[in-house]
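Novice: My structure is in query.cif, and what it holds is mmCIF, C-alpha atoms and all ligand atoms:
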```cif
data_coords
#
loop_
_atom_site.group_PDB
_atom_site.id
_atom_site.type_symbol
_atom_site.label_atom_id
_atom_site.label_comp_id
_atom_site.auth_asym_id
_atom_site.auth_seq_id
_atom_site.Cartn_x
_atom_site.Cartn_y
_atom_site.Cartn_z
ATOM 1 C CA MET A 1 122.571 126.896 103.879
ATOM 2 C CA GLU A 2 123.850 123.432 104.798
ATOM 3 C CA LYS A 3 124.431 120.323 102.713
ATOM 4 C CA ILE A 4 122.767 116.944 103.204
ATOM 5 C CA ALA A 5 124.216 114.570 100.586
ATOM 6 C CA ASP A 6 124.053 116.712 97.419
ATOM 7 C CA TRP A 7 120.999 118.656 98.602
ATOM 8 C CA GLN A 8 121.211 122.341 99.495
ATOM 9 C CA TRP A 9 119.219 122.596 102.702
ATOM 10 C CA TYR A 10 117.588 125.778 104.027
ATOM 11 C CA ASP A 11 115.796 125.629 107.398
ATOM 12 C CA PHE A 12 113.457 128.444 108.485
ATOM 13 C CA GLU A 13 111.855 129.216 111.819
ATOM 14 C CA GLU A 14 108.471 130.016 110.306
ATOM 15 C CA VAL A 15 107.036 130.171 106.783
ATOM 16 C CA GLY A 16 103.599 130.268 105.156
ATOM 17 C CA SER A 17 104.203 127.208 102.984
ATOM 18 C CA THR A 18 107.566 125.529 102.357
ATOM 19 C CA ASN A 19 106.296 124.805 98.817
ATOM 20 C CA ASP A 20 106.262 128.575 98.151
ATOM 21 C CA THR A 21 109.579 129.253 99.877
ATOM 22 C CA VAL A 22 111.499 126.606 97.918
ATOM 23 C CA LYS A 23 110.317 128.133 94.627
ATOM 24 C CA ASN A 24 112.427 131.251 95.405
ATOM 25 C CA PHE A 25 115.534 129.063 95.217
ATOM 26 C CA CYS A 26 114.804 127.516 91.797
ATOM 27 C CA THR A 27 116.644 130.278 89.969
ATOM 28 C CA GLU A 28 119.382 128.253 88.280
ATOM 29 C CA ALA A 29 119.209 124.829 86.692
ATOM 30 C CA GLY A 30 120.885 121.688 88.011
ATOM 31 C CA LYS A 31 120.355 122.068 91.756
ATOM 32 C CA LYS A 32 118.716 119.849 94.357
ATOM 33 C CA ILE A 33 117.166 122.110 96.974
ATOM 34 C CA VAL A 34 115.281 121.296 100.135
ATOM 35 C CA VAL A 35 113.500 123.767 102.399
ATOM 36 C CA THR A 36 112.200 122.938 105.868
ATOM 37 C CA ALA A 37 110.478 125.031 108.515
ATOM 38 C CA GLN A 38 110.049 124.599 112.228
ATOM 39 C CA SER A 39 106.589 126.049 111.883
ATOM 40 C CA GLN A 40 104.305 126.378 108.860
ATOM 41 C CA ASN A 41 101.256 128.610 109.214
ATOM 42 C CA ASN A 42 99.599 128.353 105.799
ATOM 43 C CA GLY A 43 100.294 124.823 104.603
ATOM 44 C CA ARG A 44 98.483 123.526 101.540
ATOM 45 C CA GLY A 45 97.123 120.040 100.962
ATOM 46 C CA ARG A 46 95.750 118.328 97.890
ATOM 47 C CA ARG A 47 92.482 119.374 96.275
ATOM 48 C CA GLY A 48 92.423 122.812 97.889
ATOM 49 C CA ARG A 49 92.597 121.431 101.436
ATOM 50 C CA SER A 50 94.850 122.959 104.076
ATOM 51 C CA TRP A 51 97.584 121.177 106.048
ATOM 52 C CA VAL A 52 97.711 121.914 109.752
ATOM 53 C CA GLY A 53 101.183 122.864 111.034
ATOM 54 C CA LEU A 54 101.351 120.960 114.301
ATOM 55 C CA GLU A 55 104.419 121.532 116.486
ATOM 56 C CA GLY A 56 107.244 119.017 116.190
ATOM 57 C CA ASN A 57 106.185 117.744 112.777
ATOM 58 C CA LEU A 58 108.242 117.882 109.598
ATOM 59 C CA PHE A 59 107.354 120.348 106.831
ATOM 60 C CA MET A 60 109.678 119.985 103.876
ATOM 61 C CA SER A 61 109.730 120.833 100.192
ATOM 62 C CA MET A 62 112.243 119.499 97.698
ATOM 63 C CA ALA A 63 112.897 121.119 94.335
ATOM 64 C CA LEU A 64 114.193 118.737 91.723
ATOM 65 C CA GLU A 65 114.375 118.804 87.935
ATOM 66 C CA VAL A 66 112.127 116.177 86.374
ATOM 67 C CA PRO A 67 111.066 115.986 82.694
ATOM 68 C CA LEU A 68 107.358 116.701 82.276
ATOM 69 C CA HIS A 69 106.526 113.288 80.761
ATOM 70 C CA GLU A 70 107.889 111.509 83.866
ATOM 71 C CA LEU A 71 105.846 113.432 86.411
ATOM 72 C CA GLY A 72 103.330 110.612 86.942
ATOM 73 C CA GLN A 73 106.084 108.263 88.122
ATOM 74 C CA VAL A 74 107.730 110.594 90.625
ATOM 75 C CA ILE A 75 105.124 110.130 93.347
ATOM 76 C CA PHE A 76 106.038 106.414 93.488
ATOM 77 C CA VAL A 77 109.686 107.299 94.121
ATOM 78 C CA VAL A 78 108.602 109.798 96.792
ATOM 79 C CA THR A 79 106.269 107.425 98.654
ATOM 80 C CA LEU A 80 108.589 104.420 98.350
ATOM 81 C CA ALA A 81 111.381 106.480 99.940
ATOM 82 C CA MET A 82 108.968 107.419 102.730
ATOM 83 C CA LEU A 83 108.176 103.754 103.369
ATOM 84 C CA ASN A 84 111.893 102.886 103.411
ATOM 85 C CA SER A 85 112.664 105.769 105.806
ATOM 86 C CA ILE A 86 110.016 104.742 108.309
ATOM 87 C CA LYS A 87 111.151 101.113 108.061
ATOM 88 C CA LYS A 88 114.743 102.191 108.674
ATOM 89 C CA LEU A 89 113.836 104.148 111.818
ATOM 90 C CA ALA A 90 111.215 101.691 113.078
ATOM 91 C CA PRO A 91 111.481 98.289 111.349
ATOM 92 C CA GLN A 92 108.680 96.828 113.466
ATOM 93 C CA LEU A 93 105.998 99.183 112.148
ATOM 94 C CA ASP A 94 103.270 98.131 109.745
ATOM 95 C CA VAL A 95 103.781 100.541 106.821
ATOM 96 C CA LYS A 96 101.703 100.432 103.639
ATOM 97 C CA LEU A 97 101.309 102.594 100.546
ATOM 98 C CA LYS A 98 97.989 103.945 99.349
ATOM 99 C CA TRP A 99 97.552 105.198 95.785
ATOM 100 C CA PRO A 100 98.377 107.831 94.766
ATOM 101 C CA ASN A 101 100.064 109.889 97.511
ATOM 102 C CA ASP A 102 99.583 108.332 100.912
ATOM 103 C CA VAL A 103 101.727 106.398 103.343
ATOM 104 C CA LEU A 104 99.871 104.505 106.067
ATOM 105 C CA VAL A 105 101.144 103.346 109.439
ATOM 106 C CA ASN A 106 98.824 100.905 111.192
ATOM 107 C CA GLY A 107 96.271 101.761 108.492
ATOM 108 C CA CYS A 108 96.329 105.495 109.318
ATOM 109 C CA LYS A 109 97.698 108.398 107.260
ATOM 110 C CA ILE A 110 101.097 109.541 108.554
ATOM 111 C CA SER A 111 102.186 111.943 105.830
ATOM 112 C CA GLY A 112 100.844 114.202 103.116
ATOM 113 C CA ILE A 113 102.484 114.903 99.786
ATOM 114 C CA LEU A 114 101.746 117.747 97.399
ATOM 115 C CA LEU A 115 103.492 118.029 94.009
ATOM 116 C CA GLU A 116 103.578 121.407 92.263
ATOM 117 C CA LYS A 117 105.361 122.772 89.182
ATOM 118 C CA ALA A 118 107.960 125.505 89.612
ATOM 119 C CA SER A 119 110.017 127.391 87.030
ATOM 120 C CA GLY A 120 111.878 125.552 84.243
ATOM 121 C CA ASP A 121 111.867 121.790 84.722
ATOM 122 C CA TYR A 122 111.679 122.108 88.495
ATOM 123 C CA LEU A 123 109.111 120.070 90.345
ATOM 124 C CA VAL A 124 108.321 120.900 93.965
ATOM 125 C CA ILE A 125 107.704 117.908 96.199
ATOM 126 C CA GLY A 126 106.064 119.125 99.407
ATOM 127 C CA ILE A 127 105.933 116.623 102.244
ATOM 128 C CA GLY A 128 104.397 116.847 105.688
ATOM 129 C CA VAL A 129 105.233 114.058 108.130
ATOM 130 C CA ASN A 130 103.409 113.577 111.422
ATOM 131 C CA ILE A 131 106.420 113.064 113.670
ATOM 132 C CA ALA A 132 105.134 114.175 117.078
ATOM 133 C CA ALA A 133 101.454 115.007 116.565
ATOM 134 C CA TYR A 134 98.523 114.288 114.276
ATOM 135 C CA PRO A 135 95.360 116.269 113.565
ATOM 136 C CA GLU A 136 92.075 115.173 115.124
ATOM 137 C CA ILE A 137 89.810 115.422 112.105
ATOM 138 C CA LYS A 138 86.137 115.839 113.023
ATOM 139 C CA ASP A 139 84.342 114.600 109.901
ATOM 140 C CA ILE A 140 86.672 111.658 109.511
ATOM 141 C CA VAL A 141 87.399 110.812 105.887
ATOM 142 C CA TYR A 142 90.511 108.906 106.878
ATOM 143 C CA LYS A 143 92.243 108.210 110.188
ATOM 144 C CA THR A 144 95.579 109.837 110.972
ATOM 145 C CA THR A 145 98.498 108.966 113.233
ATOM 146 C CA SER A 146 102.024 110.111 114.084
ATOM 147 C CA LEU A 147 105.322 108.279 114.439
ATOM 148 C CA ARG A 148 105.230 109.056 118.170
ATOM 149 C CA GLN A 149 101.744 107.585 118.495
ATOM 150 C CA ALA A 150 102.943 104.463 116.662
ATOM 151 C CA GLY A 151 105.841 104.087 119.135
ATOM 152 C CA CYS A 152 108.691 105.606 117.099
ATOM 153 C CA GLU A 153 110.473 108.494 118.866
ATOM 154 C CA THR A 154 112.395 110.614 116.390
ATOM 155 C CA ASP A 155 112.658 114.284 115.443
ATOM 156 C CA ARG A 156 112.126 116.257 112.238
ATOM 157 C CA ILE A 157 115.832 116.663 111.395
ATOM 158 C CA THR A 158 116.703 112.988 111.905
ATOM 159 C CA PHE A 159 113.740 112.073 109.738
ATOM 160 C CA LEU A 160 114.690 114.630 107.073
ATOM 161 C CA LYS A 161 118.242 113.287 106.792
ATOM 162 C CA THR A 162 117.076 109.679 106.700
ATOM 163 C CA TYR A 163 114.507 110.572 104.058
ATOM 164 C CA LEU A 164 116.899 112.409 101.742
ATOM 165 C CA TRP A 165 119.306 109.451 101.685
ATOM 166 C CA GLU A 166 116.479 107.000 101.023
ATOM 167 C CA PHE A 167 115.017 109.308 98.373
ATOM 168 C CA ASP A 168 118.366 109.515 96.570
ATOM 169 C CA ASP A 169 118.623 105.705 96.576
ATOM 170 C CA CYS A 170 115.145 105.343 95.049
ATOM 171 C CA LEU A 171 115.840 108.161 92.596
ATOM 172 C CA ALA A 172 119.020 106.403 91.441
ATOM 173 C CA VAL A 173 117.127 103.130 90.831
ATOM 174 C CA TRP A 174 114.444 104.993 88.887
ATOM 175 C CA ARG A 175 116.929 106.988 86.786
ATOM 176 C CA GLN A 176 119.161 103.992 86.043
ATOM 177 C CA GLU A 177 116.609 101.193 85.652
ATOM 178 C CA GLY A 178 113.383 103.029 84.895
ATOM 179 C CA PHE A 179 109.940 102.683 86.440
ATOM 180 C CA PRO A 180 109.486 98.840 86.568
ATOM 181 C CA PRO A 181 111.599 98.141 89.719
ATOM 182 C CA VAL A 182 110.070 101.138 91.501
ATOM 183 C CA ARG A 183 106.570 99.974 90.601
ATOM 184 C CA GLU A 184 107.345 96.405 91.751
ATOM 185 C CA GLN A 185 108.596 97.598 95.145
ATOM 186 C CA TRP A 186 105.652 99.974 95.488
ATOM 187 C CA LEU A 187 103.170 97.180 94.678
ATOM 188 C CA SER A 188 104.763 94.834 97.204
ATOM 189 C CA ALA A 189 103.824 97.348 99.926
ATOM 190 C CA ALA A 190 100.492 98.492 98.439
ATOM 191 C CA ALA A 191 97.504 98.423 100.771
ATOM 192 C CA HIS A 192 94.469 96.425 99.653
ATOM 193 C CA LEU A 193 95.912 95.141 96.364
ATOM 194 C CA GLY A 194 93.306 92.806 94.863
ATOM 195 C CA GLY A 195 90.633 94.210 97.171
ATOM 196 C CA LYS A 196 87.435 96.122 96.500
ATOM 197 C CA ILE A 197 87.781 99.909 96.438
ATOM 198 C CA ARG A 198 85.820 103.038 95.639
ATOM 199 C CA VAL A 199 87.579 105.836 93.760
ATOM 200 C CA ASN A 200 86.143 109.303 94.234
ATOM 201 C CA GLY A 201 87.190 111.441 91.268
ATOM 202 C CA GLU A 202 86.437 115.114 90.624
ATOM 203 C CA LYS A 203 83.142 114.295 88.900
ATOM 204 C CA GLU A 204 82.220 110.693 89.579
ATOM 205 C CA SER A 205 82.859 107.804 91.892
ATOM 206 C CA LYS A 206 83.635 104.272 90.701
ATOM 207 C CA GLU A 207 83.884 100.911 92.456
ATOM 208 C CA GLY A 208 85.905 97.890 91.433
ATOM 209 C CA ILE A 209 88.882 95.683 92.251
ATOM 210 C CA PHE A 210 92.261 97.365 92.718
ATOM 211 C CA GLU A 211 94.456 95.472 90.230
ATOM 212 C CA GLY A 212 97.645 97.550 90.408
ATOM 213 C CA VAL A 213 99.164 100.466 88.537
ATOM 214 C CA ASP A 214 100.245 100.774 84.897
ATOM 215 C CA ASN A 215 103.538 101.968 83.371
ATOM 216 C CA ASN A 216 102.667 105.571 84.047
ATOM 217 C CA GLY A 217 101.382 105.096 87.560
ATOM 218 C CA MET A 218 97.684 105.125 86.672
ATOM 219 C CA LEU A 219 95.486 103.003 88.911
ATOM 220 C CA LEU A 220 94.027 99.865 87.296
ATOM 221 C CA LEU A 221 90.437 99.336 88.370
ATOM 222 C CA ASN A 222 88.675 96.133 87.323
ATOM 223 C CA ARG A 223 84.968 96.800 86.910
ATOM 224 C CA ASN A 224 83.162 93.582 86.003
ATOM 225 C CA GLY A 225 86.053 92.348 83.859
ATOM 226 C CA ASN A 226 86.859 95.700 82.215
ATOM 227 C CA VAL A 227 90.088 97.217 83.458
ATOM 228 C CA GLU A 228 89.864 101.018 83.556
ATOM 229 C CA LYS A 229 92.786 103.365 84.077
ATOM 230 C CA ILE A 230 92.254 106.051 86.699
ATOM 231 C CA TYR A 231 94.400 109.166 86.556
ATOM 232 C CA ALA A 232 93.407 110.879 89.825
ATOM 233 C CA GLY A 233 91.118 110.434 92.803
ATOM 234 C CA ASP A 234 90.795 109.527 96.453
ATOM 235 C CA ILE A 235 90.437 105.832 97.184
ATOM 236 C CA PHE A 236 88.467 104.141 99.927
ATOM 237 C CA TYR A 237 88.759 100.502 100.885
ATOM 238 C CA LEU A 238 85.426 98.662 100.906
HETATM 239 C C1 LIG B 1 97.806 116.208 101.419
HETATM 240 O O1 LIG B 1 97.824 115.076 101.906
HETATM 241 O O2 LIG B 1 96.739 116.793 101.183
HETATM 242 C C2 LIG B 1 99.106 116.877 101.069
HETATM 243 C C3 LIG B 1 99.657 117.689 102.201
HETATM 244 C C4 LIG B 1 101.018 118.280 101.913
HETATM 245 C C5 LIG B 1 101.573 119.067 103.082
HETATM 246 C C6 LIG B 1 103.000 119.499 102.882
HETATM 247 S S1 LIG B 1 103.695 120.196 104.354
HETATM 248 C C7 LIG B 1 105.077 120.787 103.469
HETATM 249 C C8 LIG B 1 104.566 121.284 102.137
HETATM 250 N N1 LIG B 1 104.122 122.653 102.230
HETATM 251 C C9 LIG B 1 102.804 122.789 101.998
HETATM 252 O O3 LIG B 1 102.172 123.869 102.012
HETATM 253 N N2 LIG B 1 102.252 121.594 101.769
HETATM 254 C C10 LIG B 1 103.253 120.532 101.792
#
```
Could you rewrite the structure in this file as C-alpha cells?
Ligand code: BTN
Specialist:
Amino acid sequence: MEKIADWQWYDFEEVGSTNDTVKNFCTEAGKKIVVTAQSQNNGRGRRGRSWVGLEGNLFMSMALEVPLHELGQVIFVVTLAMLNSIKKLAPQLDVKLKWPNDVLVNGCKISGILLEKASGDYLVIGIGVNIAAYPEIKDIVYKTTSLRQAGCETDRITFLKTYLWEFDDCLAVWRQEGFPPVREQWLSAAAHLGGKIRVNGEKESKEGIFEGVDNNGMLLLNRNGNVEKIYAGDIFYL
C-alpha cells in the first residue's frame, strides 16, 4: 500500500474488475481507498456492457463514503475532476462533459465511469481512462479516442496522481459549498447545452432541447415548452 494525498493506494498486476477488488478493502469506516490494475480482464461498463482492458490504459476504482441522498451529485464531482485533470496535463485539448457520465475529447469518449454501492456508506467509483489506446467499436454508438491519439503523452500513474488531487479539490468545493458551484462549472463545460438531443432510456426514447441539470443532477429536457426531468439514459446529439 502507498499513499497519494490521503488516499490508500493499492496497485495490482492483474484483476478481474477493480470495482470488485476495492470492495474487499471497505471493511472499516472513514477511509479513502483507491485500487488500480495494470491489466483488467473482466471490466464492467454501464448497462451490462463490458469494458475492454487495453494495455497502457488506466483502470481505477475509488471507495469513498457518501450519504445515499447525495449519490446523484457525485458523478458531477467525478467528471469535473476528470475534465480538470485532462486540462492540467494538456491545456490545449478540447474537453467537454456529456451527461451523465462521459468526458469527451475532440467530441469522442475518452473515459468510462461506473458507480456501484459497497458496504456501509461506501460508494465505488470505477473509472477507465483511455491513456494509450482506445477500442475500435464496430457498431458505432459513439466514437472513442485516447489521450495519446489526441496528442497528450502521459502514463496511467501520472494520470492517477493528477486525478486524485483534482478530485480532492472538487470534493472539497462540493462538501464545503454544496452542489451549486459544481453544477455551474459542469454546465460551463457541458457539450451541446441548448441543443437538440435524444435521450434513450430503459423503456422509451425522448427528444427535446437540453436545458441543463437540476439540483439533484437530473437532466432538464424541454419538450415543446414542457421541461421534463430525466433520471437516467444515454444521450445523442441531433
Ligand atoms: C462505461 O462507460 O460503460 C463505464 C465503464 C467503466 C470502466 C471502469 S474500468 C475500472 C472500473 N472497473 C470496472 O470493471 N469498470 C470500471
Novice: Find the spatial neighbours of Ser146 of chain A, counting all atoms listed in the file, within a cut-off of 12 Å - ignore same-chain residues fewer than 3 positions away - and output them as number ranges by chain.
Specialist: A: 54-58, 86, 93, 103-112, 128-136, 143, 149-156
Novice: From the list A:Val35, A:Cys26, A:Ile127, A:Ala118, which residue is nearest ligand LIG 1 (chain B) when using all atoms listed in the file?
Specialist: A:Ile127
Novice: Rank A:Lys87, A:Lys23, A:Lys98, A:Lys32 by their smallest atom-to-atom distance to Leu187 of chain A, using all atoms listed in the file, and report the top residue only.
Specialist: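 Going through A:Lys87, A:Lys23, A:Lys98, A:Lys32 one by one, the smallest distance to Leu187 of chain A is for A:Lys98.
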Novice: Identify, on the basis of all atoms listed in the file, every residue whose closest approach to Ala37 of chain A does not exceed 6 Å; exclude the query and any residue fewer than 5 positions from it along the same chain; express the result as a count of residues only.
Specialist: 5
Novice: Can you build me a table of chain A residues sitting at most 6 Å from ligand LIG 1 (chain B), with the closest atom pair per residue and its distance in Å to one decimal, using all atoms listed in the file, sorted by chain and residue number, as a Markdown table?
Specialist:
```
| residue | atom | partner | partner_atom | distance |
| --- | --- | --- | --- | --- |
| A:Ser17 | CA | B:LIG1 | O3 | 4.0 |
| A:Thr18 | CA | B:LIG1 | N1 | 4.5 |
| A:Asn19 | CA | B:LIG1 | N1 | 4.6 |
| A:Gly43 | CA | B:LIG1 | O3 | 3.3 |
| A:Arg44 | CA | B:LIG1 | O3 | 3.7 |
| A:Gly45 | CA | B:LIG1 | O2 | 3.3 |
| A:Arg46 | CA | B:LIG1 | O2 | 3.8 |
| A:Trp51 | CA | B:LIG1 | C5 | 5.4 |
| A:Phe59 | CA | B:LIG1 | C7 | 4.1 |
| A:Met60 | CA | B:LIG1 | C7 | 4.7 |
| A:Ser61 | CA | B:LIG1 | C8 | 5.5 |
| A:Gly112 | CA | B:LIG1 | O1 | 3.4 |
| A:Ile113 | CA | B:LIG1 | C2 | 4.1 |
| A:Leu114 | CA | B:LIG1 | C4 | 4.6 |
| A:Gly126 | CA | B:LIG1 | C8 | 3.8 |
| A:Ile127 | CA | B:LIG1 | C6 | 4.2 |
| A:Gly128 | CA | B:LIG1 | S1 | 3.7 |
```
Novice: Can you spell out as a ChimeraX atom specification the set of residues that the PyMOL selection byres (((chain A and resi 212) around 12) and not hetatm) selects in the structure I just provided?
Specialist: /A:97-100,183-197,208-211,213-222,227-230
Novice: Which residue is closest to Gly201 of chain A? Choose from A:Trp165, A:Trp174, A:Phe76, A:Tyr231 and count all atoms listed in the file.
Specialist: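 Counting all atoms listed in the file, the residue closest to Gly201 of chain A is A:Tyr231.
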Novice: How would you write, as number ranges by chain, the residues chosen by the PyMOL selection byres (((chain A and resi 124) around 6) and not hetatm) on this structure?
Specialist: A: 62-63, 115-117, 123, 125
Novice: Given all atoms listed in the file as the basis, pick out the residue of A:Lys206, A:Lys161, A:Arg198, A:Arg175 nearest to Thr36 of chain A.
Specialist: A:Lys161
Novice: Tell me which of A:Gln73, A:Thr21, A:Gln8, A:Asn42 sits closest to Gly178 of chain A, counting all atoms listed in the file.
Specialist: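 Ranking A:Gln73, A:Thr21, A:Gln8, A:Asn42 by distance to Gly178 of chain A, first place goes to A:Gln73.
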Novice: What gap, in Å, lies between atom CA of Asn101 of chain A and atom CA of Glu2 of chain A?
Specialist: 28.3 Å
Novice: Applying the PyMOL selection byres (((chain A and resi 27) around 12) and not hetatm) to the file I just gave you, which residues come out? Please list them as a ChimeraX atom specification.
Specialist: /A:22-26,28-33,63-65,118-122
Novice: Report the distance between atom CA of Gly48 of chain A and atom CA of Val95 of chain A in Å, rounded to one decimal place.
Specialist: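 Answer for the atom CA of Gly48 of chain A to atom CA of Val95 of chain A separation: 26.5 Å.
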Novice: In terms of the shortest atom-to-atom distance over only C-alpha atoms, which of A:Ala5, A:Ala81, A:Val15, A:Val34 is closest to Gly53 of chain A?
Specialist: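 Among A:Ala5, A:Ala81, A:Val15, A:Val34, it is A:Val15 that comes nearest to Gly53 of chain A.
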Novice: Rounded to one decimal, what separation in Å do you get between atom CA of Asp234 of chain A and atom CA of Ser85 of chain A?
Specialist: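 Atom CA of Asp234 of chain A sits 24.1 Å away from atom CA of Ser85 of chain A.
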Novice: Taking every listed atom of segment 107-113 of chain A and adding 8 Å to each side, what centre and edge lengths in Å (one decimal) does the axis-aligned box have, as AutoDock Vina command-line options?
Specialist:
```
--center_x 99.4 --center_y 108.3 --center_z 104.6 --size_x 22.2 --size_y 29.1 --size_z 25.5
```
Novice: Starting from the incomplete input, reconstruct N, CA, C and O atoms of segment 58-73 of chain A and report them as a tab-separated table (two decimals), keeping the file's coordinate frame.
Specialist:
```
chain	number	residue	atom	x	y	z
A	58	LEU	N	107.32	117.49	110.67
A	58	LEU	CA	108.24	117.88	109.60
A	58	LEU	C	107.46	118.50	108.44
A	58	LEU	O	106.48	117.92	107.96
A	59	PHE	N	107.91	119.69	108.01
A	59	PHE	CA	107.35	120.35	106.83
A	59	PHE	C	108.53	120.56	105.90
A	59	PHE	O	109.44	121.32	106.23
A	60	MET	N	108.53	119.88	104.78
A	60	MET	CA	109.68	119.98	103.88
A	60	MET	C	109.21	120.07	102.43
A	60	MET	O	108.17	119.53	102.07
A	61	SER	N	110.00	120.78	101.63
A	61	SER	CA	109.73	120.83	100.19
A	61	SER	C	111.04	120.68	99.45
A	61	SER	O	112.00	121.40	99.72
A	62	MET	N	111.05	119.73	98.51
A	62	MET	CA	112.24	119.50	97.70
A	62	MET	C	111.98	120.07	96.31
A	62	MET	O	110.87	119.93	95.78
A	63	ALA	N	113.00	120.68	95.72
A	63	ALA	CA	112.90	121.12	94.34
A	63	ALA	C	113.91	120.32	93.54
A	63	ALA	O	115.09	120.25	93.88
A	64	LEU	N	113.39	119.69	92.49
A	64	LEU	CA	114.19	118.74	91.72
A	64	LEU	C	113.78	118.86	90.26
A	64	LEU	O	112.59	119.03	89.98
A	65	GLU	N	114.74	118.74	89.35
A	65	GLU	CA	114.38	118.80	87.94
A	65	GLU	C	113.91	117.44	87.44
A	65	GLU	O	114.62	116.45	87.59
A	66	VAL	N	112.71	117.43	86.88
A	66	VAL	CA	112.13	116.18	86.37
A	66	VAL	C	111.45	116.50	85.04
A	66	VAL	O	110.66	117.45	84.97
A	67	PRO	N	111.74	115.73	83.97
A	67	PRO	CA	111.07	115.99	82.69
A	67	PRO	C	109.55	115.81	82.83
A	67	PRO	O	109.09	114.89	83.54
A	68	LEU	N	108.81	116.66	82.15
A	68	LEU	CA	107.36	116.70	82.28
A	68	LEU	C	106.70	115.33	82.07
A	68	LEU	O	105.79	114.94	82.81
A	69	HIS	N	107.20	114.55	81.08
A	69	HIS	CA	106.53	113.29	80.76
A	69	HIS	C	106.75	112.22	81.84
A	69	HIS	O	106.13	111.17	81.80
A	70	GLU	N	107.64	112.51	82.81
A	70	GLU	CA	107.89	111.51	83.87
A	70	GLU	C	107.21	111.86	85.18
A	70	GLU	O	107.36	111.15	86.18
A	71	LEU	N	106.44	112.95	85.16
A	71	LEU	CA	105.85	113.43	86.41
A	71	LEU	C	105.00	112.38	87.13
A	71	LEU	O	105.04	112.26	88.35
A	72	GLY	N	104.24	111.60	86.35
A	72	GLY	CA	103.33	110.61	86.94
A	72	GLY	C	104.05	109.54	87.74
A	72	GLY	O	103.45	108.89	88.60
A	73	GLN	N	105.34	109.34	87.44
A	73	GLN	CA	106.08	108.26	88.12
A	73	GLN	C	106.75	108.74	89.41
A	73	GLN	O	107.07	107.94	90.28
```
